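What follows is upload14.tsv (TSV, C-alpha atoms and all ligand atoms).
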chain	number	residue	atom	x	y	z
A	1	MET	CA	53.48	-12.17	-0.66
A	2	ASP	CA	50.97	-9.77	-2.26
A	3	GLN	CA	47.37	-10.78	-1.58
A	4	TYR	CA	44.35	-10.61	-3.90
A	5	CYS	CA	40.99	-12.36	-3.85
A	6	VAL	CA	37.55	-12.70	-5.37
A	7	VAL	CA	34.53	-11.76	-3.27
A	8	GLY	CA	30.93	-12.75	-3.88
A	9	ASN	CA	27.96	-14.69	-2.57
A	10	PRO	CA	27.94	-17.52	-3.57
A	11	ILE	CA	31.65	-17.95	-4.29
A	12	GLU	CA	32.40	-21.64	-3.83
A	13	HIS	CA	32.51	-22.50	-7.56
A	14	SER	CA	34.49	-19.44	-8.68
A	15	LEU	CA	37.21	-20.25	-11.20
A	16	SER	CA	39.02	-16.96	-10.52
A	17	PRO	CA	41.56	-18.37	-8.00
A	18	PHE	CA	42.67	-21.00	-10.52
A	19	ILE	CA	42.92	-18.46	-13.35
A	20	GLN	CA	44.65	-15.69	-11.37
A	21	ASN	CA	47.14	-18.03	-9.68
A	22	HIS	CA	47.92	-19.43	-13.13
A	23	PHE	CA	48.61	-15.89	-14.41
A	24	ALA	CA	50.79	-15.17	-11.36
A	25	LYS	CA	52.86	-18.28	-11.97
A	26	SER	CA	53.21	-17.72	-15.70
A	27	THR	CA	54.38	-14.10	-15.20
A	28	ASN	CA	56.59	-14.82	-12.13
A	29	GLN	CA	54.51	-12.56	-9.90
A	30	ASN	CA	54.84	-13.28	-6.20
A	31	LEU	CA	51.18	-13.16	-5.22
A	32	MET	CA	48.48	-15.25	-3.61
A	33	TYR	CA	44.86	-15.15	-4.82
A	34	SER	CA	42.04	-16.60	-2.70
A	35	LYS	CA	38.24	-16.51	-2.55
A	36	HIS	CA	36.05	-14.94	0.14
A	37	LEU	CA	32.37	-15.48	0.78
A	38	VAL	CA	30.89	-12.13	1.82
A	39	GLU	CA	27.69	-11.85	3.85
A	40	LEU	CA	25.00	-10.11	1.85
A	41	ASP	CA	24.80	-7.07	4.16
A	42	LYS	CA	28.55	-6.79	4.89
A	43	PHE	CA	30.15	-5.93	1.56
A	44	LYS	CA	31.64	-2.51	2.36
A	45	GLU	CA	33.11	-3.43	5.74
A	46	THR	CA	34.53	-6.71	4.37
A	47	ILE	CA	36.36	-4.85	1.59
A	48	GLN	CA	37.65	-2.24	4.05
A	49	ASP	CA	38.89	-5.06	6.34
A	50	LEU	CA	40.62	-6.82	3.44
A	51	PHE	CA	42.41	-3.64	2.39
A	52	SER	CA	43.42	-2.73	5.93
A	53	ASN	CA	44.79	-6.26	6.30
A	54	GLY	CA	47.12	-5.79	3.34
A	55	PHE	CA	45.10	-7.04	0.35
A	56	LEU	CA	46.00	-5.05	-2.77
A	57	GLY	CA	42.96	-5.83	-4.87
A	58	CYS	CA	40.00	-8.05	-5.53
A	59	ASN	CA	37.55	-9.22	-8.13
A	60	VAL	CA	33.92	-8.64	-7.30
A	61	THR	CA	31.14	-10.90	-8.46
A	62	VAL	CA	27.38	-11.33	-7.99
A	63	PRO	CA	25.63	-9.58	-6.26
A	64	PHE	CA	28.11	-6.89	-5.23
A	65	LYS	CA	29.26	-5.13	-8.45
A	66	GLU	CA	27.06	-2.05	-7.92
A	67	GLN	CA	28.13	-1.74	-4.27
A	68	ALA	CA	31.75	-1.97	-5.38
A	69	TYR	CA	31.12	0.84	-7.88
A	70	ALA	CA	29.63	2.99	-5.12
A	71	MET	CA	32.63	2.68	-2.79
A	72	CYS	CA	35.41	3.60	-5.27
A	73	HIS	CA	37.37	6.84	-5.04
A	74	LYS	CA	38.50	6.64	-8.68
A	75	LEU	CA	36.89	4.83	-11.62
A	76	THR	CA	38.06	3.91	-15.10
A	77	GLU	CA	35.99	5.23	-18.00
A	78	ARG	CA	34.56	1.78	-18.71
A	79	ALA	CA	33.53	1.33	-15.06
A	80	LYS	CA	31.76	4.69	-15.21
A	81	GLN	CA	29.93	3.57	-18.37
A	82	ALA	CA	28.92	0.25	-16.83
A	83	GLN	CA	28.05	1.82	-13.45
A	84	SER	CA	29.41	-1.35	-11.89
A	85	VAL	CA	32.84	-2.61	-10.86
A	86	ASN	CA	34.27	-6.12	-11.04
A	87	THR	CA	37.87	-5.18	-10.14
A	88	LEU	CA	39.06	-3.17	-7.13
A	89	LYS	CA	42.61	-2.01	-6.52
A	90	TYR	CA	43.95	-0.43	-3.32
A	91	GLU	CA	46.92	1.92	-3.64
A	92	ASP	CA	48.08	4.59	-1.16
A	93	GLY	CA	44.70	4.61	0.62
A	94	ILE	CA	42.77	5.08	-2.63
A	95	ILE	CA	40.25	2.53	-3.95
A	96	PHE	CA	40.33	2.30	-7.75
A	97	GLY	CA	37.54	0.56	-9.65
A	98	ASP	CA	37.45	-0.99	-13.12
A	99	ASN	CA	34.97	-3.10	-15.07
A	100	THR	CA	36.77	-5.61	-17.28
A	101	ASP	CA	33.74	-7.64	-18.46
A	102	GLY	CA	33.21	-5.76	-21.74
A	103	ALA	CA	36.90	-5.73	-22.64
A	104	GLY	CA	37.04	-9.45	-21.81
A	105	LEU	CA	34.14	-10.24	-24.14
A	106	VAL	CA	35.53	-8.11	-26.97
A	107	LYS	CA	39.00	-9.64	-26.63
A	108	ASP	CA	37.57	-13.15	-26.73
A	109	LEU	CA	35.41	-12.36	-29.77
A	110	THR	CA	37.93	-10.38	-31.79
A	111	VAL	CA	41.23	-12.03	-30.81
A	112	GLY	CA	40.19	-15.43	-29.45
A	113	LYS	CA	37.60	-16.11	-32.13
A	114	ASN	CA	38.78	-13.75	-34.89
A	115	ILE	CA	35.37	-12.11	-35.28
A	116	VAL	CA	35.15	-8.61	-36.74
A	117	LEU	CA	32.59	-6.42	-34.95
A	118	LYS	CA	33.13	-3.24	-36.99
A	119	ASP	CA	30.13	-2.42	-39.22
A	120	LYS	CA	28.21	-5.45	-37.91
A	121	THR	CA	24.70	-5.51	-36.48
A	122	ILE	CA	24.87	-6.93	-32.97
A	123	LEU	CA	21.86	-8.10	-31.01
A	124	VAL	CA	22.26	-8.16	-27.22
A	125	ILE	CA	19.54	-10.13	-25.43
A	126	GLY	CA	19.28	-9.12	-21.77
A	127	ALA	CA	19.53	-5.84	-19.90
A	128	GLY	CA	20.90	-6.87	-16.51
A	129	GLY	CA	24.31	-6.26	-14.98
A	130	ALA	CA	26.24	-8.25	-17.59
A	131	ALA	CA	24.60	-6.41	-20.50
A	132	LYS	CA	25.46	-3.09	-18.88
A	133	GLY	CA	29.07	-4.20	-18.56
A	134	ILE	CA	29.49	-5.15	-22.24
A	135	ILE	CA	27.51	-2.65	-24.34
A	136	GLY	CA	30.01	0.22	-24.04
A	137	SER	CA	32.89	-2.01	-25.14
A	138	LEU	CA	30.86	-3.40	-28.05
A	139	LEU	CA	30.03	0.14	-29.24
A	140	MET	CA	33.72	1.10	-29.06
A	141	GLN	CA	34.34	-1.49	-31.83
A	142	GLY	CA	32.36	0.64	-34.31
A	143	PRO	CA	29.50	-1.74	-35.11
A	144	LYS	CA	26.79	-0.67	-37.57
A	145	LYS	CA	24.25	-0.99	-34.79
A	146	VAL	CA	23.71	-2.57	-31.38
A	147	ILE	CA	20.13	-3.66	-30.74
A	148	ILE	CA	19.17	-4.38	-27.13
A	149	THR	CA	16.18	-6.54	-26.31
A	150	ASN	CA	14.96	-7.83	-22.98
A	151	ARG	CA	12.05	-9.69	-21.41
A	152	THR	CA	11.32	-6.54	-19.40
A	153	ILE	CA	11.54	-4.07	-22.27
A	154	SER	CA	11.74	-0.95	-20.07
A	155	LYS	CA	15.24	-2.05	-18.99
A	156	ALA	CA	16.34	-2.33	-22.64
A	157	VAL	CA	14.99	1.20	-23.24
A	158	SER	CA	17.02	2.54	-20.28
A	159	LEU	CA	20.20	0.83	-21.45
A	160	ALA	CA	19.82	2.10	-25.01
A	161	ASN	CA	19.37	5.64	-23.66
A	162	HIS	CA	22.30	5.26	-21.29
A	163	PHE	CA	24.73	4.28	-24.10
A	164	GLN	CA	23.39	6.63	-26.84
A	165	HIS	CA	26.46	8.88	-26.69
A	166	LEU	CA	28.81	6.00	-27.59
A	167	GLY	CA	27.31	4.94	-30.92
A	168	ASN	CA	24.32	3.61	-32.80
A	169	VAL	CA	22.32	1.74	-30.16
A	170	CYS	CA	18.59	1.08	-30.01
A	171	TYR	CA	16.10	-1.25	-28.35
A	172	ALA	CA	13.47	-3.57	-29.82
A	173	GLU	CA	10.89	-6.05	-28.62
A	174	ILE	CA	12.28	-9.54	-29.14
A	175	ASP	CA	9.45	-10.56	-31.49
A	176	CYS	CA	10.10	-7.53	-33.74
A	177	ILE	CA	13.63	-8.65	-34.65
A	178	ALA	CA	13.38	-10.95	-37.64
A	179	HIS	CA	16.52	-10.66	-39.79
A	180	GLY	CA	19.73	-8.79	-40.59
A	181	VAL	CA	21.65	-9.57	-37.41
A	182	ASP	CA	25.33	-10.64	-37.68
A	183	VAL	CA	26.16	-11.36	-34.04
A	184	VAL	CA	23.76	-12.48	-31.29
A	185	ILE	CA	24.92	-12.19	-27.69
A	186	ASN	CA	22.86	-13.86	-25.00
A	187	ALA	CA	23.45	-11.74	-21.89
A	188	THR	CA	20.47	-13.18	-20.01
A	189	SER	CA	20.73	-15.68	-17.21
A	190	SER	CA	18.17	-17.92	-18.96
A	191	SER	CA	20.73	-20.65	-19.73
A	192	LEU	CA	21.34	-21.03	-15.98
A	193	LYS	CA	17.77	-22.32	-15.72
A	194	GLY	CA	17.97	-24.33	-18.94
A	195	GLU	CA	15.59	-21.86	-20.64
A	196	LEU	CA	15.77	-20.03	-23.97
A	197	PRO	CA	14.82	-16.41	-24.65
A	198	PRO	CA	11.92	-16.42	-27.17
A	199	LEU	CA	14.02	-15.60	-30.24
A	200	ASP	CA	12.66	-15.98	-33.77
A	201	THR	CA	14.55	-18.98	-35.23
A	202	SER	CA	14.76	-17.26	-38.64
A	203	LEU	CA	17.29	-14.87	-37.07
A	204	ILE	CA	19.90	-17.56	-36.63
A	205	ASN	CA	21.66	-19.29	-39.49
A	206	GLU	CA	25.15	-20.33	-40.63
A	207	SER	CA	26.27	-16.74	-41.26
A	208	VAL	CA	25.43	-15.59	-37.72
A	209	VAL	CA	27.86	-15.72	-34.79
A	210	VAL	CA	26.21	-16.56	-31.47
A	211	TYR	CA	27.75	-16.02	-28.03
A	212	ASP	CA	26.21	-17.07	-24.72
A	213	LEU	CA	27.78	-15.30	-21.74
A	214	MET	CA	27.07	-18.32	-19.58
A	215	TYR	CA	29.54	-21.21	-19.76
A	216	SER	CA	29.54	-24.84	-18.69
A	217	ALA	CA	31.30	-28.13	-19.33
A	218	LYS	CA	28.71	-29.08	-21.95
A	219	PRO	CA	27.17	-26.69	-24.52
A	220	THR	CA	24.61	-24.37	-22.87
A	221	VAL	CA	21.00	-24.64	-24.09
A	222	PHE	CA	21.49	-21.43	-26.09
A	223	VAL	CA	24.71	-22.67	-27.72
A	224	GLN	CA	22.99	-25.96	-28.54
A	225	PHE	CA	19.92	-24.18	-29.96
A	226	ALA	CA	22.08	-21.92	-32.17
A	227	SER	CA	24.36	-24.74	-33.33
A	228	GLU	CA	21.36	-26.80	-34.41
A	229	LEU	CA	20.28	-23.84	-36.57
A	230	GLY	CA	23.72	-23.82	-38.23
A	231	ALA	CA	25.32	-20.87	-36.41
A	232	VAL	CA	28.86	-20.77	-35.08
A	233	ALA	CA	28.16	-20.65	-31.34
A	234	TYR	CA	30.39	-20.05	-28.33
A	235	ASP	CA	29.89	-19.89	-24.60
A	236	GLY	CA	31.36	-17.32	-22.19
A	237	LEU	CA	34.36	-19.24	-20.85
A	238	GLY	CA	36.73	-17.24	-23.06
A	239	MET	CA	35.20	-14.01	-21.75
A	240	LEU	CA	35.70	-15.17	-18.16
A	241	ILE	CA	39.39	-15.80	-18.83
A	242	GLU	CA	39.95	-12.56	-20.76
A	243	GLN	CA	38.20	-10.38	-18.16
A	244	ALA	CA	40.43	-12.02	-15.54
A	245	ALA	CA	43.52	-11.18	-17.63
A	246	GLU	CA	42.35	-7.55	-17.84
A	247	SER	CA	41.98	-7.47	-14.03
A	248	PHE	CA	45.45	-8.93	-13.59
A	249	ASN	CA	46.82	-6.22	-15.87
A	250	PHE	CA	44.93	-3.54	-13.88
A	251	TRP	CA	46.66	-4.70	-10.68
A	252	ARG	CA	50.12	-5.72	-11.89
A	253	ARG	CA	50.51	-3.78	-15.18
A	254	ILE	CA	51.40	-7.03	-16.94
A	255	GLU	CA	49.37	-8.68	-19.69
A	256	PRO	CA	49.32	-12.43	-18.97
A	257	SER	CA	49.03	-14.94	-21.79
A	258	THR	CA	45.66	-16.70	-21.97
A	259	ASP	CA	46.80	-19.25	-24.57
A	260	GLY	CA	45.42	-22.73	-23.99
A	261	LEU	CA	43.50	-21.78	-20.83
A	262	ILE	CA	40.04	-22.37	-22.33
A	263	GLU	CA	40.92	-25.99	-23.05
A	264	THR	CA	42.58	-26.51	-19.64
A	265	ILE	CA	39.61	-25.08	-17.73
A	266	ARG	CA	36.95	-26.71	-19.91
A	267	SER	CA	38.43	-30.14	-19.21
A	268	SER	CA	38.35	-29.45	-15.45
A	269	LEU	CA	34.65	-28.39	-15.44
A	270	ASN	CA	32.05	-31.02	-14.65
B	1	LIG	P1	21.09	-10.20	-13.99
B	1	LIG	O1	20.33	-10.96	-12.96
B	1	LIG	O2	21.59	-8.84	-13.71
B	1	LIG	O3	20.17	-10.08	-15.32
B	1	LIG	C1	19.50	-11.22	-15.82
B	1	LIG	C2	18.97	-10.91	-17.22
B	1	LIG	O4	18.46	-12.13	-17.78
B	1	LIG	C3	17.82	-9.91	-17.26
B	1	LIG	O5	17.90	-9.18	-18.45
B	1	LIG	C4	16.58	-10.84	-17.25
B	1	LIG	O6	15.43	-10.26	-17.81
B	1	LIG	C5	17.08	-11.95	-18.14
B	1	LIG	N1	16.42	-13.24	-17.96
B	1	LIG	C6	16.49	-14.06	-16.89
B	1	LIG	N2	15.79	-15.20	-17.11
B	1	LIG	C7	15.29	-15.11	-18.38
B	1	LIG	C8	14.49	-15.96	-19.19
B	1	LIG	N3	14.08	-17.14	-18.76
B	1	LIG	N4	14.15	-15.54	-20.43
B	1	LIG	C9	14.56	-14.33	-20.89
B	1	LIG	N5	15.33	-13.47	-20.16
B	1	LIG	C10	15.68	-13.86	-18.92
B	1	LIG	O7	22.28	-11.20	-14.43
B	1	LIG	P2	23.67	-10.78	-15.08
B	1	LIG	O8	23.38	-9.78	-16.13
B	1	LIG	O9	24.64	-10.45	-14.02
B	1	LIG	O10	24.16	-12.17	-15.74
B	1	LIG	C11	23.63	-12.65	-16.95
B	1	LIG	C12	24.45	-13.87	-17.40
B	1	LIG	O11	25.75	-13.48	-17.77
B	1	LIG	C13	24.59	-14.96	-16.34
B	1	LIG	O12	24.38	-16.22	-16.97
B	1	LIG	C14	26.05	-14.84	-15.91
B	1	LIG	O13	26.56	-16.08	-15.48
B	1	LIG	C15	26.69	-14.39	-17.20
B	1	LIG	N6	27.98	-13.68	-17.02
B	1	LIG	C16	29.09	-14.23	-17.58
B	1	LIG	C17	30.31	-13.60	-17.46
B	1	LIG	C18	31.51	-14.22	-18.09
B	1	LIG	O14	32.63	-13.79	-17.78
B	1	LIG	N7	31.38	-15.18	-18.97
B	1	LIG	C19	30.46	-12.34	-16.71
B	1	LIG	C20	29.21	-11.82	-16.18
B	1	LIG	C21	28.03	-12.49	-16.32
B	1	LIG	P3	14.45	-9.35	-16.93
B	1	LIG	O15	15.09	-7.99	-16.86
B	1	LIG	O16	13.17	-9.37	-17.68
B	1	LIG	O17	14.36	-10.01	-15.58
Represent the structure contained in this file as structure tokens.
Amino acid sequence: MDQYCVVGNPIEHSLSPFIQNHFAKSTNQNLMYSKHLVELDKFKETIQDLFSNGFLGCNVTVPFKEQAYAMCHKLTERAKQAQSVNTLKYEDGIIFGDNTDGAGLVKDLTVGKNIVLKDKTILVIGAGGAAKGIIGSLLMQGPKKVIITNRTISKAVSLANHFQHLGNVCYAEIDCIAHGVDVVINATSSSLKGELPPLDTSLINESVVVYDLMYSAKPTVFVQFASELGAVAYDGLGMLIEQAAESFNFWRRIEPSTDGLIETIRSSLN
């Protein structure tokens, strides 16, 4: 049976084995997908061991995406843009790397939620690994503008410079953004701590779509905050599922159906 896995630290609560084994079953692929806790200083040798023991690919999660990027022989264009890799594939002694986070987010927004990004003004809050993974894919949708803001503004400046060649992207201090935004994406980890980025409440209203990359059984603090201000607000569970489907396709060249998975997984979260 072909072997795949997710690697990270921590890894215990990863939903990837459930999602990938579901895809395997629904597409009649004879594969087994497991999870592996990797010691913080042993990423490269663990991956080499897995591949020499017959594994054909893996998903990579926190905090190893940059190390995964560094060890690839061949990268997809979107992995090069993100400078990080969440999907590794091993074929004929070559390590291929992809980053499916941005495509996963865009698929969930545009197909899952029917949201048009073309000609829209998109605000991305956060400039960490997740922001880096999504901005290229957002720009490929032809928005009017992507504005990046971050608590540490120098990181937003670097990201805006990094993605300049892909479209209209700029940075702004969070307290200088007061109106005219169509889509707000929270790519910070603030919701993990139950905190909110200091966003002007006048930015969010019933005509704004809000998306928090974090997900949980109950609405995240950011989703709750935006819903109370009248916005349509979503969490990142759909993105998680769609980025997994993109990884599956990268390995098996089959697009699995994601229909109904959000509801199935949401009901199993606690
Ligand atoms: P990083 O640690 O790389 O970056 C964290 C970011 O959050 C930084 O921009 C940081 O700002 C900002 N931040 C942290 N705390 C606060 C706060 N209290 N107020 C304002 N800003 C804050 O994390 P990632 O980018 O990897 O992950 C971000 C989120 O995205 C996580 O919640 C993660 O779970 C989620 N995610 C979801 C995915 C999905 O499939 N749904 C996929 C990948 C990530 P500063 O630079 O100033 O420190």
Nearest candidate to ligand LIG 1 (chain B) (options A:Gln141, A:Gln224, A:Ser84, A:Ser257; using all atoms listed in the file): A:Ser84
Grab the CA of Ala24 (chain A) to CA of Ile265 (chain A) distance for me, in Å with one decimal place.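 Atom-to-atom, CA of Ala24 (chain A) and CA of Ile265 (chain A) are spaced 16.2 Å apart.
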Within 7 Å of ligand LIG 1 (chain B), counting all atoms listed in the file, residues as a ChimeraX atom specification: /A:62,101,126-131,150-152,155,187-192,195-197,213-215,236-237,239-240,243
Name the closest residue to Glu77 (chain A) among the candidates A:Ser34, A:Ser137, A:Asn28, A:Asn114; distances are taken between atoms, counting only C-alpha atoms.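 Of A:Ser34, A:Ser137, A:Asn28, A:Asn114, the one nearest Glu77 (chain A) is A:Ser137, counting only C-alpha atoms.
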So which residues touch region 2-4 of chain A within 8 Å, counting only C-alpha atoms, skipping near sequence neighbours fewer than 4 positions away, as a list in words?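 Counting only C-alpha atoms, the residues come to Asn30, Leu31, Met32, Tyr33, Ser34, Gly54, Phe55, Leu56, Gly57 and Cys58 of chain A.
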Just checking: using all atoms listed in the file, which residue out of A:Glu206, A:Glu12, A:Asp92, A:Asp98 ends up closest to Lys74 (chain A)?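 The answer is A:Asp98, which sits nearest to Lys74 (chain A).
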CA of His73 (chain A) and CA of Ile95 (chain A), how far apart in Å? 5.3 Å
CA of Val183 (chain A) and CA of Ser207 (chain A), how far apart in Å?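 Rounded to one decimal, the two atoms are 9.0 Å apart.
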Which of these residues is nearest to His13 (chain A), using only C-alpha atoms: A:Thr264, A:Pro198, A:Asn168, A:His36?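 Of all the options, A:His36 lies closest to His13 (chain A).
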Given the choices A:Ile153, A:Leu138, A:Leu269, A:Ile254, which gets closest to Gly167 (chain A) if the distance is worked out from only C-alpha atoms? A:Leu138
Do you know which residues lie at most 9 Å from (38.1, -7.2, -25.2), with coordinates as in the file and only C-alpha atoms counted, and could you write them as a VMD selection string? chain A and resid 100 to 111 137 to 138 239 242 to 243 246
Between A:Thr220, A:Gln164, A:Ser154, A:Gln67, which is the closest to Leu40 (chain A) once you count all atoms listed in the file?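 Among the listed residues, A:Gln67 lies closest to Leu40 (chain A).
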Residues within 12 Å of (15.7, -9.1, -40.9), counting all atoms listed in the file, listed as a PyMOL selection string: chain A and resi 121+123+175-182+200-205
Could you rebuild region 69-80 of chain A with N, CA, C and O atoms and give me the result as a compact mmCIF listing (two decimals), keeping the file's coordinate frame?
# COMPACT_ATOMS: atom_id res chain seq x y z
N TYR A 69 31.09 -0.42 -7.11
CA TYR A 69 31.12 0.84 -7.88
C TYR A 69 30.93 2.03 -6.93
O TYR A 69 31.65 3.03 -7.02
N ALA A 70 29.98 1.88 -6.01
CA ALA A 70 29.63 2.99 -5.12
C ALA A 70 30.74 3.33 -4.14
O ALA A 70 30.81 4.47 -3.65
N MET A 71 31.64 2.38 -3.84
CA MET A 71 32.63 2.68 -2.79
C MET A 71 34.01 3.11 -3.36
O MET A 71 34.94 3.37 -2.59
N CYS A 72 34.10 3.23 -4.69
CA CYS A 72 35.41 3.60 -5.27
C CYS A 72 35.68 5.09 -5.18
O CYS A 72 34.78 5.91 -5.31
N HIS A 73 36.96 5.43 -4.99
CA HIS A 73 37.37 6.84 -5.04
C HIS A 73 37.65 7.27 -6.47
O HIS A 73 37.44 8.41 -6.83
N LYS A 74 38.18 6.31 -7.28
CA LYS A 74 38.50 6.64 -8.68
C LYS A 74 38.04 5.49 -9.57
O LYS A 74 38.23 4.32 -9.22
N LEU A 75 37.45 5.85 -10.72
CA LEU A 75 36.89 4.83 -11.62
C LEU A 75 37.49 4.96 -13.01
O LEU A 75 37.73 6.09 -13.47
N THR A 76 37.67 3.84 -13.69
CA THR A 76 38.06 3.91 -15.10
C THR A 76 36.84 4.34 -15.91
O THR A 76 35.69 4.24 -15.42
N GLU A 77 37.09 4.79 -17.13
CA GLU A 77 35.99 5.23 -18.00
C GLU A 77 34.98 4.11 -18.21
O GLU A 77 33.77 4.31 -18.16
N ARG A 78 35.48 2.88 -18.42
CA ARG A 78 34.56 1.78 -18.71
C ARG A 78 33.74 1.38 -17.46
O ARG A 78 32.62 0.91 -17.59
N ALA A 79 34.31 1.59 -16.28
CA ALA A 79 33.53 1.33 -15.06
C ALA A 79 32.43 2.38 -14.90
O ALA A 79 31.31 2.08 -14.51
N LYS A 80 32.78 3.63 -15.27
CA LYS A 80 31.76 4.69 -15.21
C LYS A 80 30.63 4.37 -16.16
O LYS A 80 29.46 4.53 -15.83
